[in-house]
Structures are given as structure tokens and as C-alpha cells.
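Printed here is model.tsv (TSV, C-alpha atoms):
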chain	number	residue	atom	x	y	z
A	286	MET	CA	-73.32	10.48	32.73
A	287	THR	CA	-77.11	10.37	32.54
A	288	ARG	CA	-79.11	7.15	32.66
A	289	ARG	CA	-82.79	6.36	32.48
A	290	THR	CA	-84.90	3.31	31.79
A	291	VAL	CA	-87.89	2.98	29.49
A	292	ILE	CA	-90.21	0.12	28.55
A	293	VAL	CA	-90.74	-0.79	24.89
A	294	PRO	CA	-94.50	-0.23	24.44
A	295	ASN	CA	-95.24	-1.18	20.83
A	296	ARG	CA	-96.38	-4.66	19.82
A	297	LEU	CA	-93.63	-5.42	17.30
A	298	GLY	CA	-90.83	-4.14	19.51
A	299	ILE	CA	-87.64	-2.53	18.20
A	300	HIS	CA	-87.64	-3.85	14.68
A	301	ALA	CA	-85.80	-2.20	11.80
A	302	ARG	CA	-87.95	0.89	11.39
A	303	PRO	CA	-87.92	1.92	15.08
A	304	ALA	CA	-84.22	1.02	15.21
A	305	ALA	CA	-83.58	3.44	12.34
A	306	LEU	CA	-85.54	6.17	14.16
A	307	ILE	CA	-83.59	5.59	17.38
A	308	VAL	CA	-80.24	5.72	15.57
A	309	LYS	CA	-81.23	8.84	13.69
A	310	LYS	CA	-82.25	10.57	16.89
A	311	ALA	CA	-79.13	9.39	18.76
A	312	SER	CA	-76.89	10.55	15.92
A	313	SER	CA	-78.23	14.08	16.26
A	314	PHE	CA	-76.49	14.37	19.68
A	315	ARG	CA	-72.80	14.75	20.36
A	316	SER	CA	-72.80	12.57	23.48
A	317	GLU	CA	-71.73	8.93	23.50
A	318	ILE	CA	-74.94	6.95	23.76
A	319	THR	CA	-75.43	3.34	24.81
A	320	ILE	CA	-78.63	1.36	25.11
A	321	ALA	CA	-78.81	-1.76	27.23
A	322	ALA	CA	-81.31	-4.58	27.48
A	323	GLY	CA	-80.39	-6.91	30.35
A	324	SER	CA	-76.68	-7.55	30.13
A	325	GLU	CA	-76.46	-6.63	26.45
A	326	GLU	CA	-75.21	-3.10	25.89
A	327	ILE	CA	-74.81	-1.53	22.46
A	328	ASN	CA	-73.87	1.77	20.79
A	329	GLY	CA	-77.03	3.82	20.32
A	330	LYS	CA	-75.75	5.27	17.06
A	331	SER	CA	-75.31	1.85	15.42
A	332	ILE	CA	-78.27	0.47	13.52
A	333	MET	CA	-76.95	-3.08	13.63
A	334	GLY	CA	-76.37	-2.70	17.35
A	335	VAL	CA	-79.88	-1.49	18.09
A	336	MET	CA	-81.36	-4.30	16.01
A	337	THR	CA	-79.17	-6.84	17.80
A	338	LEU	CA	-80.96	-5.97	21.04
A	339	ALA	CA	-84.08	-7.64	19.61
A	340	ALA	CA	-86.03	-5.74	22.23
A	341	GLY	CA	-89.61	-6.95	22.08
A	342	GLN	CA	-92.70	-5.41	23.61
A	343	GLY	CA	-92.30	-4.97	27.38
A	344	THR	CA	-88.51	-5.07	27.38
A	345	GLU	CA	-86.86	-2.60	29.74
A	346	LEU	CA	-84.17	-0.56	28.00
A	347	ALA	CA	-81.56	1.48	29.85
A	348	VAL	CA	-80.50	4.54	27.88
A	349	THR	CA	-77.16	6.04	28.92
A	350	ALA	CA	-75.49	9.12	27.52
A	351	CYS	CA	-72.17	10.70	28.30
A	352	GLY	CA	-71.19	14.07	26.87
A	353	PRO	CA	-72.14	17.74	26.57
A	354	ASP	CA	-75.80	17.12	25.68
A	355	GLU	CA	-76.31	13.90	27.65
A	356	GLU	CA	-79.45	14.97	29.49
A	357	LYS	CA	-81.22	16.13	26.37
A	358	ALA	CA	-80.15	12.98	24.55
A	359	VAL	CA	-81.48	10.60	27.18
A	360	GLU	CA	-84.71	12.54	27.48
A	361	ALA	CA	-85.26	12.63	23.70
A	362	LEU	CA	-84.51	8.94	23.23
A	363	CYS	CA	-86.69	7.80	26.13
A	364	GLU	CA	-89.50	9.96	24.84
A	365	LEU	CA	-89.13	8.48	21.36
A	366	ILE	CA	-89.12	4.89	22.62
A	367	ALA	CA	-92.04	5.51	25.02
A	368	SER	CA	-94.04	7.00	22.16
A	369	GLY	CA	-94.13	3.57	20.48
A	370	PHE	CA	-92.82	5.08	17.23
A	371	GLY	CA	-96.36	5.76	16.04
A	372	GLU	CA	-97.10	2.03	16.04
A	373	ASP	CA	-99.73	0.10	18.03
B	17	MET	CA	-71.45	2.74	-33.70
B	18	ARG	CA	-72.05	5.63	-31.35
B	19	ASP	CA	-73.17	7.84	-34.22
B	20	LYS	CA	-75.79	5.36	-35.28
B	21	PHE	CA	-78.74	7.25	-33.90
B	22	PRO	CA	-78.98	10.76	-35.32
B	23	GLU	CA	-81.54	13.19	-33.94
B	24	PRO	CA	-84.91	12.70	-35.67
B	25	GLY	CA	-84.51	16.16	-37.23
B	26	GLU	CA	-81.28	15.02	-38.89
B	27	MET	CA	-82.56	11.70	-40.12
B	28	THR	CA	-82.53	12.10	-43.86
B	29	VAL	CA	-83.12	9.36	-46.39
B	30	ARG	CA	-79.40	9.60	-47.22
B	31	LYS	CA	-78.43	9.02	-43.60
B	32	LEU	CA	-80.79	6.08	-43.34
B	33	ALA	CA	-79.23	4.56	-46.45
B	34	GLU	CA	-75.73	5.16	-45.09
B	35	ILE	CA	-76.43	3.64	-41.69
B	36	MET	CA	-78.85	0.86	-42.55
B	37	GLY	CA	-78.08	0.35	-46.26
B	38	GLN	CA	-75.83	-2.63	-45.68
B	39	ARG	CA	-78.11	-4.40	-43.23
B	40	LEU	CA	-81.23	-3.82	-45.31
B	41	MET	CA	-79.25	-4.46	-48.52
B	42	LEU	CA	-80.60	-1.27	-50.07
B	43	ALA	CA	-79.57	-0.31	-53.59
B	44	PRO	CA	-80.70	3.07	-54.94
B	45	ALA	CA	-82.99	2.50	-57.90
B	46	CYS	CA	-84.04	6.02	-58.76
B	47	GLY	CA	-85.01	9.36	-57.25
B	48	GLU	CA	-81.61	10.31	-55.80
B	49	GLU	CA	-82.93	13.88	-55.59
B	50	GLY	CA	-85.04	12.70	-52.68
B	51	PHE	CA	-82.02	11.68	-50.58
B	52	GLY	CA	-82.02	14.96	-48.71
B	53	ARG	CA	-85.60	14.56	-47.48
B	54	LEU	CA	-86.35	13.90	-43.87
B	55	VAL	CA	-87.64	10.58	-42.60
B	56	SER	CA	-90.62	11.87	-40.65
B	57	SER	CA	-92.01	8.77	-38.97
B	58	PRO	CA	-90.60	5.67	-37.28
B	59	ASP	CA	-93.32	3.55	-38.86
B	60	ILE	CA	-93.72	2.12	-42.35
B	61	SER	CA	-96.67	1.86	-44.70
B	62	ARG	CA	-97.77	-0.82	-47.12
B	63	PRO	CA	-99.38	1.18	-49.95
B	64	GLY	CA	-101.41	-1.69	-51.40
B	65	LEU	CA	-104.86	-0.31	-50.67
B	66	ALA	CA	-103.88	3.23	-51.67
B	67	LEU	CA	-102.68	1.93	-55.03
B	68	THR	CA	-106.17	0.54	-55.66
B	69	GLY	CA	-107.57	4.04	-55.15
B	70	PHE	CA	-108.56	3.92	-51.49
B	71	THR	CA	-106.34	6.76	-50.29
B	72	HIS	CA	-108.40	7.64	-47.25
B	73	ARG	CA	-105.97	7.51	-44.30
B	74	PHE	CA	-103.01	6.87	-46.60
B	75	LEU	CA	-99.89	7.41	-44.47
B	76	HIS	CA	-97.66	9.38	-46.81
B	77	ASP	CA	-95.24	10.47	-44.07
B	78	ARG	CA	-93.99	6.91	-43.69
B	79	ILE	CA	-91.54	4.94	-45.75
B	80	GLN	CA	-93.56	3.00	-48.34
B	81	ILE	CA	-92.73	-0.69	-48.62
B	82	PHE	CA	-93.56	-2.31	-51.95
B	83	GLY	CA	-93.58	-6.03	-51.25
B	84	GLU	CA	-94.60	-8.96	-53.39
B	85	THR	CA	-98.30	-8.07	-53.02
B	86	GLU	CA	-97.93	-4.51	-54.31
B	87	ILE	CA	-95.58	-5.43	-57.14
B	88	THR	CA	-97.72	-8.38	-58.24
B	89	TYR	CA	-100.84	-6.21	-58.17
B	90	LEU	CA	-99.15	-3.53	-60.29
B	91	SER	CA	-97.90	-6.14	-62.74
B	92	TYR	CA	-101.48	-7.27	-63.39
B	93	LEU	CA	-102.44	-3.78	-64.51
B	94	LYS	CA	-102.15	-2.31	-67.99
B	95	PRO	CA	-99.46	0.41	-68.23
B	96	SER	CA	-102.03	3.24	-68.15
B	97	ALA	CA	-103.83	1.75	-65.14
B	98	ARG	CA	-100.47	1.16	-63.47
B	99	GLU	CA	-99.58	4.81	-63.95
B	100	ALA	CA	-102.93	5.82	-62.47
B	101	ALA	CA	-102.45	3.47	-59.49
B	102	ILE	CA	-99.07	4.95	-58.72
B	103	ALA	CA	-100.43	8.46	-59.21
B	104	ASN	CA	-102.91	7.66	-56.42
B	105	ILE	CA	-100.13	7.68	-53.86
B	106	PHE	CA	-97.97	10.35	-55.48
B	107	GLN	CA	-100.71	12.92	-55.09
B	108	PHE	CA	-99.23	12.95	-51.56
B	109	PRO	CA	-95.66	14.02	-50.73
B	110	VAL	CA	-94.23	10.49	-50.59
B	111	TYR	CA	-90.47	10.69	-49.93
B	112	CYS	CA	-89.12	7.14	-49.86
B	113	CYS	CA	-90.11	3.76	-51.27
B	114	ILE	CA	-88.42	0.40	-50.81
B	115	VAL	CA	-89.14	-2.43	-53.23
B	116	THR	CA	-88.35	-5.75	-51.56
B	117	LYS	CA	-87.69	-9.37	-52.54
B	118	GLY	CA	-85.45	-8.35	-55.40
B	119	TYR	CA	-88.26	-7.03	-57.57
B	120	GLU	CA	-87.46	-4.38	-60.13
B	121	PRO	CA	-89.37	-1.11	-59.45
B	122	PRO	CA	-91.93	-0.60	-62.25
B	123	ALA	CA	-90.96	2.11	-64.71
B	124	GLU	CA	-94.10	4.08	-63.78
B	125	LEU	CA	-92.97	4.15	-60.14
B	126	CYS	CA	-89.56	5.51	-61.09
B	127	ALA	CA	-91.11	8.14	-63.32
B	128	ALA	CA	-93.45	9.34	-60.60
B	129	ALA	CA	-90.68	9.24	-57.98
B	130	TRP	CA	-88.37	11.23	-60.19
B	131	LYS	CA	-91.01	13.93	-60.63
B	132	SER	CA	-91.66	14.30	-56.90
B	133	ASP	CA	-88.12	13.92	-55.55
B	134	CYS	CA	-88.87	10.61	-53.89
B	135	ALA	CA	-86.06	8.14	-53.29
B	136	VAL	CA	-86.65	4.56	-54.44
B	137	PHE	CA	-84.54	1.65	-53.23
B	138	ARG	CA	-84.66	-1.99	-53.99
B	139	SER	CA	-83.59	-4.78	-51.70
B	140	PRO	CA	-83.26	-8.51	-52.25
B	141	ARG	CA	-84.45	-9.14	-48.67
B	142	ASP	CA	-87.82	-10.61	-47.73
B	143	THR	CA	-90.42	-8.05	-46.80
B	144	THR	CA	-91.25	-8.92	-43.18
B	145	PRO	CA	-87.70	-9.27	-41.83
B	146	LEU	CA	-86.73	-6.08	-43.64
B	147	ILE	CA	-89.63	-4.25	-42.02
B	148	HIS	CA	-88.60	-5.61	-38.60
B	149	ASP	CA	-85.06	-4.37	-38.98
B	150	LEU	CA	-86.12	-1.02	-40.40
B	151	THR	CA	-88.79	-0.22	-37.81
B	152	GLY	CA	-86.61	-1.56	-35.00
B	153	TYR	CA	-83.93	0.89	-35.97
B	154	LEU	CA	-86.27	3.83	-36.58
B	155	ALA	CA	-87.98	3.20	-33.24
B	156	GLU	CA	-84.64	3.88	-31.57
B	157	VAL	CA	-84.03	7.00	-33.63
B	158	PHE	CA	-87.45	8.40	-32.78
B	159	ALA	CA	-87.39	7.21	-29.16
B	160	PRO	CA	-87.90	9.83	-26.43
B	161	ARG	CA	-84.50	10.95	-25.21
B	162	LYS	CA	-82.78	13.24	-22.81
B	163	SER	CA	-79.29	14.08	-21.64
B	164	VAL	CA	-78.33	13.55	-18.02
B	165	HIS	CA	-75.37	14.99	-16.18
B	166	GLY	CA	-73.78	11.88	-14.79
B	167	THR	CA	-71.64	8.88	-15.58
B	168	LEU	CA	-72.86	5.55	-16.90
B	169	VAL	CA	-70.91	2.40	-16.21
B	170	ASP	CA	-71.61	-1.31	-16.61
B	171	VAL	CA	-70.90	-3.10	-13.34
B	172	PHE	CA	-71.43	-6.88	-13.49
B	173	GLY	CA	-73.95	-6.23	-16.27
B	174	VAL	CA	-75.88	-3.69	-14.18
B	175	GLY	CA	-76.10	-0.22	-15.72
B	176	LEU	CA	-75.21	2.24	-12.95
B	177	LEU	CA	-76.05	5.86	-13.64
B	178	VAL	CA	-73.90	7.79	-11.18
B	179	THR	CA	-75.14	11.32	-10.55
B	180	GLY	CA	-74.29	14.11	-8.14
B	181	ARG	CA	-73.06	17.68	-8.13
B	182	SER	CA	-69.94	18.64	-10.10
B	183	ALA	CA	-66.67	17.66	-8.43
B	184	ILE	CA	-68.30	15.29	-5.96
B	185	GLY	CA	-66.18	12.49	-7.34
B	186	LYS	CA	-68.27	10.72	-9.99
B	187	SER	CA	-65.43	10.38	-12.44
B	188	GLU	CA	-62.91	9.23	-9.84
B	189	ALA	CA	-65.36	6.65	-8.54
B	190	VAL	CA	-65.99	5.33	-12.02
B	191	LEU	CA	-62.27	5.27	-12.78
B	192	GLY	CA	-61.98	3.03	-9.74
B	193	LEU	CA	-64.66	0.77	-11.21
B	194	VAL	CA	-62.89	0.62	-14.58
B	195	GLU	CA	-59.68	-0.29	-12.78
B	196	ARG	CA	-61.59	-3.16	-11.14
B	197	GLY	CA	-62.61	-4.48	-14.55
B	198	HIS	CA	-65.93	-2.74	-15.17
B	199	ARG	CA	-66.81	-0.82	-18.31
B	200	LEU	CA	-67.32	2.87	-18.94
B	201	VAL	CA	-70.21	3.83	-21.22
B	202	ALA	CA	-70.26	7.61	-20.87
B	203	ASP	CA	-68.76	10.20	-18.59
B	204	ASP	CA	-70.23	13.55	-17.61
B	205	MET	CA	-72.99	13.55	-20.21
B	206	VAL	CA	-75.16	10.49	-20.70
B	207	ARG	CA	-77.67	10.38	-23.55
B	208	ILE	CA	-80.64	8.31	-22.51
B	209	ARG	CA	-83.22	6.93	-24.89
B	210	ARG	CA	-86.38	5.12	-24.01
B	211	THR	CA	-87.09	2.08	-26.14
B	212	GLY	CA	-90.17	0.24	-25.02
B	213	GLU	CA	-89.93	-0.11	-21.25
B	214	VAL	CA	-86.15	0.13	-21.22
B	215	LEU	CA	-83.75	3.06	-20.82
B	216	LEU	CA	-80.66	2.86	-22.98
B	217	GLY	CA	-77.66	5.09	-22.36
B	218	THR	CA	-74.81	6.05	-24.65
B	219	GLY	CA	-72.14	8.69	-24.66
B	220	ASP	CA	-71.46	11.52	-26.99
B	221	ALA	CA	-69.82	10.40	-30.22
B	222	LEU	CA	-67.31	13.25	-30.16
B	223	MET	CA	-66.36	12.91	-26.51
B	224	GLY	CA	-65.86	9.17	-26.88
B	225	TYR	CA	-64.49	7.62	-23.73
B	226	HIS	CA	-62.70	10.71	-22.52
B	227	MET	CA	-62.96	11.70	-18.92
B	228	GLU	CA	-61.95	14.78	-17.10
B	229	ILE	CA	-60.00	13.99	-13.97
B	230	ARG	CA	-59.32	17.08	-11.91
B	231	GLY	CA	-55.60	17.69	-11.88
B	232	LEU	CA	-54.92	15.39	-14.82
B	233	GLY	CA	-57.18	17.00	-17.39
B	234	MET	CA	-58.70	14.91	-20.15
B	235	VAL	CA	-57.78	11.24	-20.15
B	236	ASP	CA	-58.84	8.61	-22.67
B	237	VAL	CA	-60.15	5.56	-20.84
B	238	ALA	CA	-60.18	3.42	-24.00
B	239	ALA	CA	-56.52	4.22	-24.69
B	240	LEU	CA	-55.45	3.77	-21.07
B	241	PHE	CA	-57.33	0.60	-20.18
B	242	GLY	CA	-58.08	-0.94	-23.56
B	243	ILE	CA	-61.17	-2.25	-25.23
B	244	ARG	CA	-62.36	-4.25	-22.24
B	245	ALA	CA	-62.85	-1.02	-20.28
B	246	VAL	CA	-65.43	0.59	-22.55
B	247	LYS	CA	-68.88	-0.15	-23.88
B	248	ASP	CA	-71.02	1.53	-26.55
B	249	ARG	CA	-74.39	1.36	-24.92
B	250	GLN	CA	-75.94	0.01	-21.78
B	251	GLN	CA	-79.35	-0.29	-20.23
B	252	VAL	CA	-79.75	2.13	-17.32
B	253	ASP	CA	-80.84	-0.09	-14.42
B	254	ILE	CA	-80.29	2.01	-11.33
B	255	GLU	CA	-79.30	5.54	-10.37
B	256	VAL	CA	-76.73	6.05	-7.63
B	257	ARG	CA	-76.85	9.61	-6.35
B	258	LEU	CA	-73.67	10.81	-4.65
B	259	VAL	CA	-74.38	13.45	-2.00
B	260	ASP	CA	-72.22	15.35	0.46
B	261	TRP	CA	-71.95	13.69	3.84
B	262	THR	CA	-72.29	17.09	5.53
B	263	GLN	CA	-75.87	17.34	4.36
B	264	LYS	CA	-78.49	16.45	6.97
B	265	PRO	CA	-78.00	12.73	7.57
B	266	ASP	CA	-81.43	11.95	6.27
B	267	PHE	CA	-80.61	8.91	4.20
B	268	ASP	CA	-82.07	5.50	4.89
B	269	ARG	CA	-80.03	3.51	7.38
B	270	THR	CA	-81.78	0.18	6.89
B	271	GLY	CA	-82.23	-0.23	3.15
B	272	LEU	CA	-85.90	-1.00	3.82
B	273	GLU	CA	-87.04	2.08	1.97
B	274	LYS	CA	-86.87	1.52	-1.76
B	275	ALA	CA	-86.44	4.91	-3.37
B	276	THR	CA	-87.05	5.29	-7.09
B	277	THR	CA	-86.60	7.94	-9.72
B	278	THR	CA	-88.17	8.39	-13.13
B	279	TYR	CA	-86.52	9.05	-16.48
B	280	LEU	CA	-88.62	9.44	-19.62
B	281	GLY	CA	-91.54	7.85	-17.81
B	282	ILE	CA	-89.59	4.76	-16.70
B	283	ARG	CA	-89.16	4.18	-12.99
B	284	ILE	CA	-85.80	2.86	-11.79
B	285	PRO	CA	-84.38	2.31	-8.28
B	286	GLN	CA	-82.38	5.14	-6.81
B	287	VAL	CA	-79.69	4.73	-4.17
B	288	THR	CA	-78.28	7.72	-2.31
B	289	LEU	CA	-74.65	7.38	-1.24
B	290	PRO	CA	-73.16	9.98	1.11
B	291	VAL	CA	-69.59	10.77	0.14
B	292	LEU	CA	-66.88	11.19	2.73
B	293	PRO	CA	-63.14	11.46	2.07
B	294	GLY	CA	-61.68	8.02	2.47
B	295	ARG	CA	-64.83	6.15	1.52
B	296	ASN	CA	-64.05	3.60	-1.14
B	297	LEU	CA	-66.69	4.69	-3.62
B	298	ALA	CA	-65.77	2.17	-6.31
B	299	LEU	CA	-66.29	-0.66	-3.83
B	300	LEU	CA	-69.58	0.85	-2.62
B	301	LEU	CA	-70.83	1.20	-6.20
B	302	GLU	CA	-69.88	-2.41	-6.87
B	303	VAL	CA	-71.88	-3.50	-3.84
B	304	ALA	CA	-74.82	-1.32	-4.97
B	305	ALA	CA	-74.78	-3.16	-8.30
B	306	MET	CA	-74.61	-6.58	-6.65
B	307	ASN	CA	-77.39	-5.60	-4.26
B	308	HIS	CA	-79.49	-4.63	-7.26
B	309	LEU	CA	-78.83	-8.04	-8.82
B	310	LEU	CA	-80.01	-9.68	-5.58
B	311	ASN	CA	-83.11	-7.48	-5.54
B	312	THR	CA	-84.01	-8.30	-9.11
B	313	ARG	CA	-83.81	-11.98	-8.15
B	314	GLY	CA	-86.33	-11.39	-5.39
B	315	VAL	CA	-83.86	-11.30	-2.52
B	316	ASP	CA	-84.58	-8.36	-0.22
B	317	VAL	CA	-81.94	-8.56	2.50
B	318	PRO	CA	-83.23	-5.79	4.82
B	319	ALA	CA	-86.79	-7.11	4.63
B	320	ALA	CA	-85.63	-10.66	5.37
B	321	LEU	CA	-83.57	-9.48	8.33
B	322	GLU	CA	-86.50	-7.42	9.58
B	323	GLN	CA	-88.70	-10.50	9.36
B	324	LYS	CA	-86.23	-12.60	11.34
B	325	LEU	CA	-85.90	-9.89	13.97
B	326	ILE	CA	-89.64	-9.60	14.50
B	327	GLU	CA	-89.98	-13.39	14.67
B	328	ARG	CA	-87.24	-13.60	17.28
B	329	MET	CA	-88.86	-10.93	19.44
B	330	GLN	CA	-92.23	-12.65	19.19
B	331	ALA	CA	-90.78	-16.04	20.05
B	332	ALA	CA	-89.03	-14.49	23.04
B	333	SER	CA	-92.17	-12.80	24.36
B	334	GLU	CA	-94.16	-16.04	23.96
B	335	ALA	CA	-91.44	-17.84	25.95
B	336	GLY	CA	-92.07	-15.28	28.70
B	337	GLY	CA	-89.35	-12.65	28.46
B	338	GLY	CA	-85.60	-13.19	28.73
B	339	PRO	CA	-84.81	-12.63	25.04
B	340	ARG	CA	-81.16	-11.86	25.75
B	341	GLU	CA	-77.97	-13.75	25.02
B	342	THR	CA	-78.70	-15.03	21.57
B	343	GLY	CA	-75.26	-15.25	20.06
B	344	ARG	CA	-74.50	-16.70	16.68
B	345	GLY	CA	-74.69	-20.48	16.73
B	346	GLU	CA	-77.11	-20.59	19.64
B	347	GLU	CA	-80.04	-20.46	17.30
B	348	SER	CA	-81.17	-23.57	15.57
Show the structure stored in the file as C-alpha cells.
Amino acid sequence: MTRRTVIVPNRLGIHARPAALIVKKASSFRSEITIAAGSEEINGKSIMGVMTLAAGQGTELAVTACGPDEEKAVEALCELIASGFGED
Amino acid sequence: MRDKFPEPGEMTVRKLAEIMGQRLMLAPACGEEGFGRLVSSPDISRPGLALTGFTHRFLHDRIQIFGETEITYLSYLKPSAREAAIANIFQFPVYCCIVTKGYEPPAELCAAAWKSDCAVFRSPRDTTPLIHDLTGYLAEVFAPRKSVHGTLVDVFGVGLLVTGRSAIGKSEAVLGLVERGHRLVADDMVRIRRTGEVLLGTGDALMGYHMEIRGLGMVDVAALFGIRAVKDRQQVDIEVRLVDWTQKPDFDRTGLEKATTTYLGIRIPQVTLPVLPGRNLALLLEVAAMNHLLNTRGVDVPAALEQKLIERMQAASEAGGGPRETGRGEES
């Protein structure tokens, strides 16, 4: 199991478009992926789940992956979230 | 009904009289030799000015409508002048004249028409409504058209054009829709015509409502499910593209992106549905149709949800963090 935390940098937070990007990225890995904000933990491959987090700017997200490509998955997802999805 | 719109190249005066004769109340008056000639324009012409001698820009390739004005004008003329007036237009290859309002075609018109193989009809109908019906029909005959490999079905009044590669399951999906009470318009080959800003789809007259179901061969949907299961023609409102699930999962997961496609210059929404064994395609197509109905009524569910989500995140950050634990019912 690999786990890392990342802060949501963009102003609008994880709204639908970033959520779709996260899910798309997560779905490209074979590992089980969960993303947690506080006590709420959801499946990283579920669009509804990621949106349910309602993770606004500054929220700390914990990305956890478990499986054959878990390290790559966590790294890729944290990088994507930290990038701010090309938003301000 | 399905044979009502021949190709423009097959639209002879005879065919027009066969198809529209009853509605326009056409009775052949003379010039039956002209029945084989092609109708070459969807528009009509009122030959009044040309009869007076002003033949500049006379539109001889259109059906000539002799209304009350033309007939009254001709009746004021002496026979020799009448002959000359009619000769003005018959110096051109006129192929069809309709005399409206129950007037009798003048003898000089019949003589000229007979000489140049031009069909002459009379109709008891008033001129303007007759022209409306005639041009409305011809506009459809001459409308831009194309054939599309796909299946057209009416789902809750929404015309779904289902496309996708052969054997992906279009016919099975549509059979599921028919079984749920929706109506098949055309399977496998859909003929689409553009009339105004609308796309109209029909099937092939010969193929009727037959469908090929792999393993069963040809089945007749009209015979199996009855008249309620089929429909002659339907506006094409939305295309649903069935694609293999194994393709790169590149489809929109939110529904925020509104994809469109263009047929004959008309843009319609396009939905891409990945197909996986066990997916209930008929149900998904039904939901696609209902979603389209919502969209056309200005309800954009993904955009509304997106708006609510952003508002919630902003409210939470203004309240100073701690956005968690917002279950259903906790919000006002």
C-alpha cells in the first residue's frame, strides 16, 4: 500500500472537470485507489465519489493505492492534483 | 406512404399526379404526352407577366400555375392575342401547367400544350392553398438527403439515430426499445432528408420494418409487434453512437461536454455509449432520450450539479475549512 497527501491548489477546488480528470487518470491504473479528505474516503475511480468529497482549495487529500502499480498511481494522481488541473 | 418521396431524378409529372393528384384535386385536361417529363424544380411560377410579353427571367423549369389573374387576363384578349400571349411562354420548354379555381383551360393553352408535350391539369382548389401544398411537397422531394448506416427509433417522441459498427448491437438494442413500447422507423439504413432546419428520417420502402437479428435472420417488427411498434417518419433529434468498451476509455464521465454531430448541415447532439455485455442498452437509450427532453427544456443536470458543488466548496472555505460530513438532509 502506498499513501501520500497533497493539497488542492486551484481556486475552484475539485469540481466536475477536475474530478473527471482524476477518475480518468485513476482508471488507467490497475491498483485499487482511494482518496480521502478528513474522515471521508472514496473510490478514486468513481466520478460521483470524487465529486462527493467537495474538496475546495486548500483541502488536504490523502491518495492511497493498493496493487501492482500503486507507487506510479499515487505519484501520477498527486502530480495531477498538485498541478491545479491547468486552472488558476 | 414510405414511397411518397421519389428521388428528384424520378419525379415525373405522372408521379406527381399519382402521389399528389388527390390532395391537389388534379384532373388531366390535356397534354398527356407530357406526363413522362421530369419536374425539374421544387418551386412554382405564376406566368402572368410572361403572358403579357415580359419573358425576361421567365422560369420555364417550374410548374406554371394559372390562377384567376392569368385566366381573367387571357379571357380579356381576342383569340389571336390570346394565342400570342400563350405563345410567349411556350417559346420555352414548359412541361406542366395547373389551372386552378375550377377554370377551364383556354383552348389556345391546350393547343400549345399539345404541340410541346406539356401536361395541363385543372383543379377546383383555390390558388394559394394549392401552391402551399404543392411546394411543401416538392420541397421535401428536392430536399438534400443522405443515407446513414444506423437505426432510427422514436423514443418518447425523441428521434434517436443509433449508429455504430456492424454487429455492435444496434438492432438488438432497438428491439429492446420496441418491446418497451417505442416505435421503429428504420433499421440498418436510414434515409435522412433535410427540410428547413429539421432532419427527417424514413426507412427504405422495400425493406419496410424488417430487421436482421443475428441468429434469427430477418424478422418483421410490424408483424411481430403490431402497428404501435412502427412509424413512417421521424425527426432525427439526437445521435447515439455505440462504441466498444475496449476502446480507450476516452468518453465523457460527467456529461458536461456536449458533443454534437452534423448531418446535411444541421447540428444535432451526439451521445457516445460504450457497449459492454450485460449493459441494458434499451434502458440506456431510453434514458438518453429522456435526458435529451430535459436538455431541450433547459435543464442541464451536470451543469447544475457542478454549480452546486462549487457553491458548497466556496461556502465551506468561507466558513474556514472543515467542509466534511455533509450528508443528505444536513443541508438546508
Would you tabulate, counting all atoms listed in the file, all residues of chain B that have an atom at most 7 Å from an atom of chain A, showing the closest pair of atoms and their distance in Å to one decimal, sorted by chain then ascending number, as a tab-separated table?
residue	atom	partner	partner_atom	distance
B:Arg269	CA	A:Ala305	CA	6.1
B:Thr270	CA	A:Ala305	CA	6.6
B:Glu322	CA	A:Ala301	CA	5.7
B:Leu325	CA	A:His300	CA	6.3
B:Ile326	CA	A:His300	CA	6.1
B:Met329	CA	A:Gly341	CA	4.8
B:Gln330	CA	A:Gly341	CA	6.9
B:Ser333	CA	A:Gly341	CA	6.8
B:Arg340	CA	A:Gly323	CA	6.8
Exercise. From the set A:Ala361, A:Glu372, A:Pro303, A:Ile318, which residue has the shortest atom-to-atom contact distance to Thr349 (chain A), counting only C-alpha atoms?
Worked result: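 Using only C-alpha atoms, the shortest distance to Thr349 (chain A) belongs to A:Ile318.
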Exercise. Using only C-alpha atoms, which of the listed residues (B:Trp261, B:Tyr111, B:Tyr89, B:Phe21) sits closest to Cys46 (chain B)?
Worked result: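 The answer is B:Tyr111, which sits nearest to Cys46 (chain B).
The smallest atom-to-atom distance between Glu360 (chain A) and any of A:Met286, A:Gly334, A:Val348, A:Gly329, using all atoms listed in the file, is found for A:Val348.
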Exercise. For Asp236 (chain B), which residue among B:Glu213, B:Asp203, B:Glu34, B:Glu273 is the nearest when counting all atoms listed in the file?
Worked result: B:Asp203
For this session: Compile the contact shell of Leu309 (chain B) as a list in words: residues with an atom at most 10 Å away, counting all atoms listed in the file, same-chain residues fewer than 6 positions apart removed.
Result: Phe172, Gly173, Val174, Asp253, Val303 and Val315 of chain B
For this session: Find the residues near Ser316 (chain A): any atom within 7 Å, counting all atoms listed in the file, skip ones fewer than 5 places away on the same chain, and give them as a list in words.
Result: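 My reading of the contact set: Ala350, Cys351, Gly352, Pro353, Asp354 and Glu355 of chain A.
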For this session: Find the distance between CA of Thr276 (chain B) and CA of Glu255 (chain B) and write it in Å to one decimal.
Result: 8.4 Å
